[in-house]
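Novice: Let me give you the structure first, and then I'll get to my questions.
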Amino acid sequence: MTSNLRGGMRVAALLACFVWWVSAASAGPAVIVAPRVKAFDAPSNAAGVVSELRHGAPICVLDKTNYPGILHRRPGWLAIRLPGGVGYVPVEAVDLTAPTSEVEDCRASPMAIVPPPLEPHESRPDAAVARPALIAGGFLPLRPARFLLGMGTGAAWLNKQSAAQHQIDDSSATFNGTLGLTIYDVFMISGAFSAAFPSDHASFSQDVVLEMGGGDPQSADSGLSVTSYSIAAGLRTPFWALGSTQNGWVAGALFAEYGSAGIHGTRSIADCVDCRKDELDMPGGTFWQVGFDLLVPSRSPRASYGLTVAYQGYEASAGFTHEIRVGLSWWLQ
């Protein structure tokens, strides 16, 4: 009796393994049956989380035979297709037999999955890679929040009438900075400043002495700066996967914002407490901005860097007419 029981248990275990193997190896639509399940970037609970799926979510289970050398294989885990990549979920969280609406990714022909590049001394195992493969041409998983810090340069064009009134050039190189917050990669709020330094045709000089120690008077020339401070809000596209690196996805996104800016100009002598100072009357106004963000992953999963290019146009009465901004950006999530 004991021998028969043990033999039956062995057969049951082998049958369970066989059922799991068949289900895990078959590709097609399936349904999440757990209340909420995390999709990891490798078949391990210690791996990074790339997405969260709720009960009833239709998914596409991937077949390793369609992606040789790309997918991890580990008992108890299934590979599923995610927007922009591959994720891994526990097999008990998935029902491969439940009726489900068709999944677009499963109906379409398999998309090319590009393995991450290898170092010259590395070799690729046949059945696994060190991280999830990228499917170029899909949106990256949405992040609840990303914080943006940007610094760069560019060019600004001033209102010609206002520039002529204050005897300054109507164009200049700029230095600018941005602080921003994105919500689920779709909404964005930002604050920015921009400093322009146009040529001044009405500069002046004054004799100055050192505040500490006195000394003989020295002649000092005035300098000119035109600054703007702004706040804006708008919409953006989620990041679209463009290619892969060893650290993750290179991606791009478009954005459009609408906001208001205050503009102020000053002609003065730097570091002088009682010298002449001219305040230039340069009105602010509303503006619109469109641009492109390029996202490049770093070694830290919480930080990325990239390049931002933007065009900003102001209303007709503002002191600026338009700007072009190009700069480096750092993303924290």
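In the structure tokens, the first chain shown is A, the next is B, and so on; residue numbers restart at 1 for each chain, and ligands run from 1 in the order shown.
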For Phe292 in chain A, list every protein, DNA or RNA residue within 8 Å, evaluated using only C-alpha atoms, and leave out those in the same chain fewer than 3 positions away; present the list as a list in words.
Specialist: Gly252, Ala253, Leu254, Phe255, Thr308, Val309 and Ala310 of chain A
Novice: Mind dumping the selected residues with N, CA and C atoms as a PDB file, in the first residue's frame?
Specialist:
ATOM      1  N   GLY A 252      12.165  57.664 -26.139  1.00  0.00           N
ATOM      2  CA  GLY A 252      11.877  59.053 -26.463  1.00  0.00           C
ATOM      3  C   GLY A 252      10.423  59.385 -26.193  1.00  0.00           C
ATOM      4  N   ALA A 253      10.146  60.655 -25.934  1.00  0.00           N
ATOM      5  CA  ALA A 253       8.783  61.113 -25.671  1.00  0.00           C
ATOM      6  C   ALA A 253       8.614  62.534 -26.189  1.00  0.00           C
ATOM      7  N   LEU A 254       7.409  62.851 -26.624  1.00  0.00           N
ATOM      8  CA  LEU A 254       7.055  64.200 -27.051  1.00  0.00           C
ATOM      9  C   LEU A 254       6.237  64.873 -25.955  1.00  0.00           C
ATOM     10  N   PHE A 255       6.313  66.198 -25.874  1.00  0.00           N
ATOM     11  CA  PHE A 255       5.524  66.901 -24.868  1.00  0.00           C
ATOM     12  C   PHE A 255       5.083  68.261 -25.395  1.00  0.00           C
ATOM     13  N   THR A 308      17.041  67.026 -23.766  1.00  0.00           N
ATOM     14  CA  THR A 308      15.753  67.676 -24.009  1.00  0.00           C
ATOM     15  C   THR A 308      15.937  68.803 -25.017  1.00  0.00           C
ATOM     16  N   VAL A 309      15.091  68.808 -26.029  1.00  0.00           N
ATOM     17  CA  VAL A 309      15.082  69.865 -27.038  1.00  0.00           C
ATOM     18  C   VAL A 309      13.672  70.453 -27.072  1.00  0.00           C
ATOM     19  N   ALA A 310      13.562  71.792 -26.972  1.00  0.00           N
ATOM     20  CA  ALA A 310      12.239  72.411 -26.899  1.00  0.00           C
ATOM     21  C   ALA A 310      12.211  73.731 -27.646  1.00  0.00           C
TER      22      ALA A 310
END
Novice: Name the residues in contact with Ser260 in chain A at a cut-off of 6 Å, using only C-alpha atoms, excluding same-chain residues fewer than 4 positions from it; report them as a PyMOL selection string.
Specialist: chain A and resi 230-231+285-287
Novice: Could you tell me how far CA of Trp240 in chain A sits from CA of Asn176 in chain A, in Å to one decimal place?
Specialist: 26.1 Å
Novice: Identify which of the residues A:Ala318, A:Cys272, A:Leu224, A:Val89 lies closest to Leu53 in chain A, counting only C-alpha atoms when measuring atom-to-atom distances.
Specialist: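 Closest candidate: A:Val89.
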Novice: So that I can see what lies close to Ser219 in chain A, please list as a list of chain:residue names the residues with an atom at most 8 Å from it, counting only C-alpha atoms and leaving out residues fewer than 5 positions away in the same chain.
Specialist: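 Everything that qualifies: A:Ser205, A:Gln206, A:Asp207, A:Val208.
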Novice: Which one of A:Pro43, A:Gly284, A:Pro35, A:Gly138 sits closest to Ala93 in chain A if you count only C-alpha atoms?
Specialist: A:Pro35
Novice: Which is closest to Gly85 in chain A among A:Val61, A:Ala145, A:Trp249, A:Tyr184, if we use only C-alpha atoms?
Specialist: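 Looking at the shortest contact to Gly85 in chain A, the residue is A:Trp249.
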Novice: Counting only C-alpha atoms, which residue out of A:Phe147, A:Phe40, A:Phe187, A:Tyr258 sits closest to Tyr305 in chain A?
Specialist: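 Closest candidate: A:Phe147.
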Novice: Determine, counting only C-alpha atoms, which protein, DNA and RNA residues have an atom within 7 Å of an atom of range 95-97 of chain A; residues of the same chain fewer than 2 positions away are not included. Present the result as a list in words.
Specialist: Ala30, Val31, Ile32, Val33, Ala93 and Pro99 of chain A
Novice: Keeping only C-alpha atoms, write the selected residues to a file as a CSV table (one decimal), in the first residue's frame.
Specialist:
chain,number,residue,atom,x,y,z
A,30,ALA,CA,-4.2,34.1,-20.9
A,31,VAL,CA,-5.7,35.8,-17.9
A,32,ILE,CA,-4.3,37.0,-14.6
A,33,VAL,CA,-6.3,35.2,-11.8
A,93,ALA,CA,-1.1,33.8,-11.1
A,99,PRO,CA,-11.7,32.6,-21.9
Novice: Would you pick out the contacts of Ala202 in chain A at 10 Å or less, using only C-alpha atoms, so that residues sharing its chain but fewer than 5 positions from it are not included, and give the list as a PyMOL selection string?
Specialist: chain A and resi 166-168+222+224+267
Novice: Just want the 12 Å neighbourhood of Met188 in chain A, counted on only C-alpha atoms, with same-chain residues fewer than 5 positions away dropped. Output as a PyMOL selection string.
Specialist: chain A and resi 144-148+179-183+231-238+254-259
Novice: List every residue of range 118-316 of chain A that DSSP, applied to the backbone, labels as strand (DSSP E or B), and write the result as a PyMOL selection string.
Specialist: chain A and resi 134-135+139+145-158+168+171-183+187-196+200+205-210+214-221+223-236+240-245+248-268+277-280+285-297+303-314
Novice: May I ask for the distance between CA of Asp185 in chain A and CA of Arg325 in chain A, given in Å to one decimal place?
Specialist: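 Separating CA of Asp185 in chain A from CA of Arg325 in chain A is a distance of 21.1 Å.
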Novice: May I ask for the distance between CA of Gly48 in chain A and CA of Gln333 in chain A, given in Å to one decimal place?
Specialist: 13.5 Å
Novice: Given the choices A:Thr178, A:Ala34, A:Trp331, A:Val326, which gets closest to Gly191 in chain A if the distance is worked out from only C-alpha atoms?
Specialist: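 The shortest atom-to-atom distance to Gly191 in chain A comes from A:Thr178.
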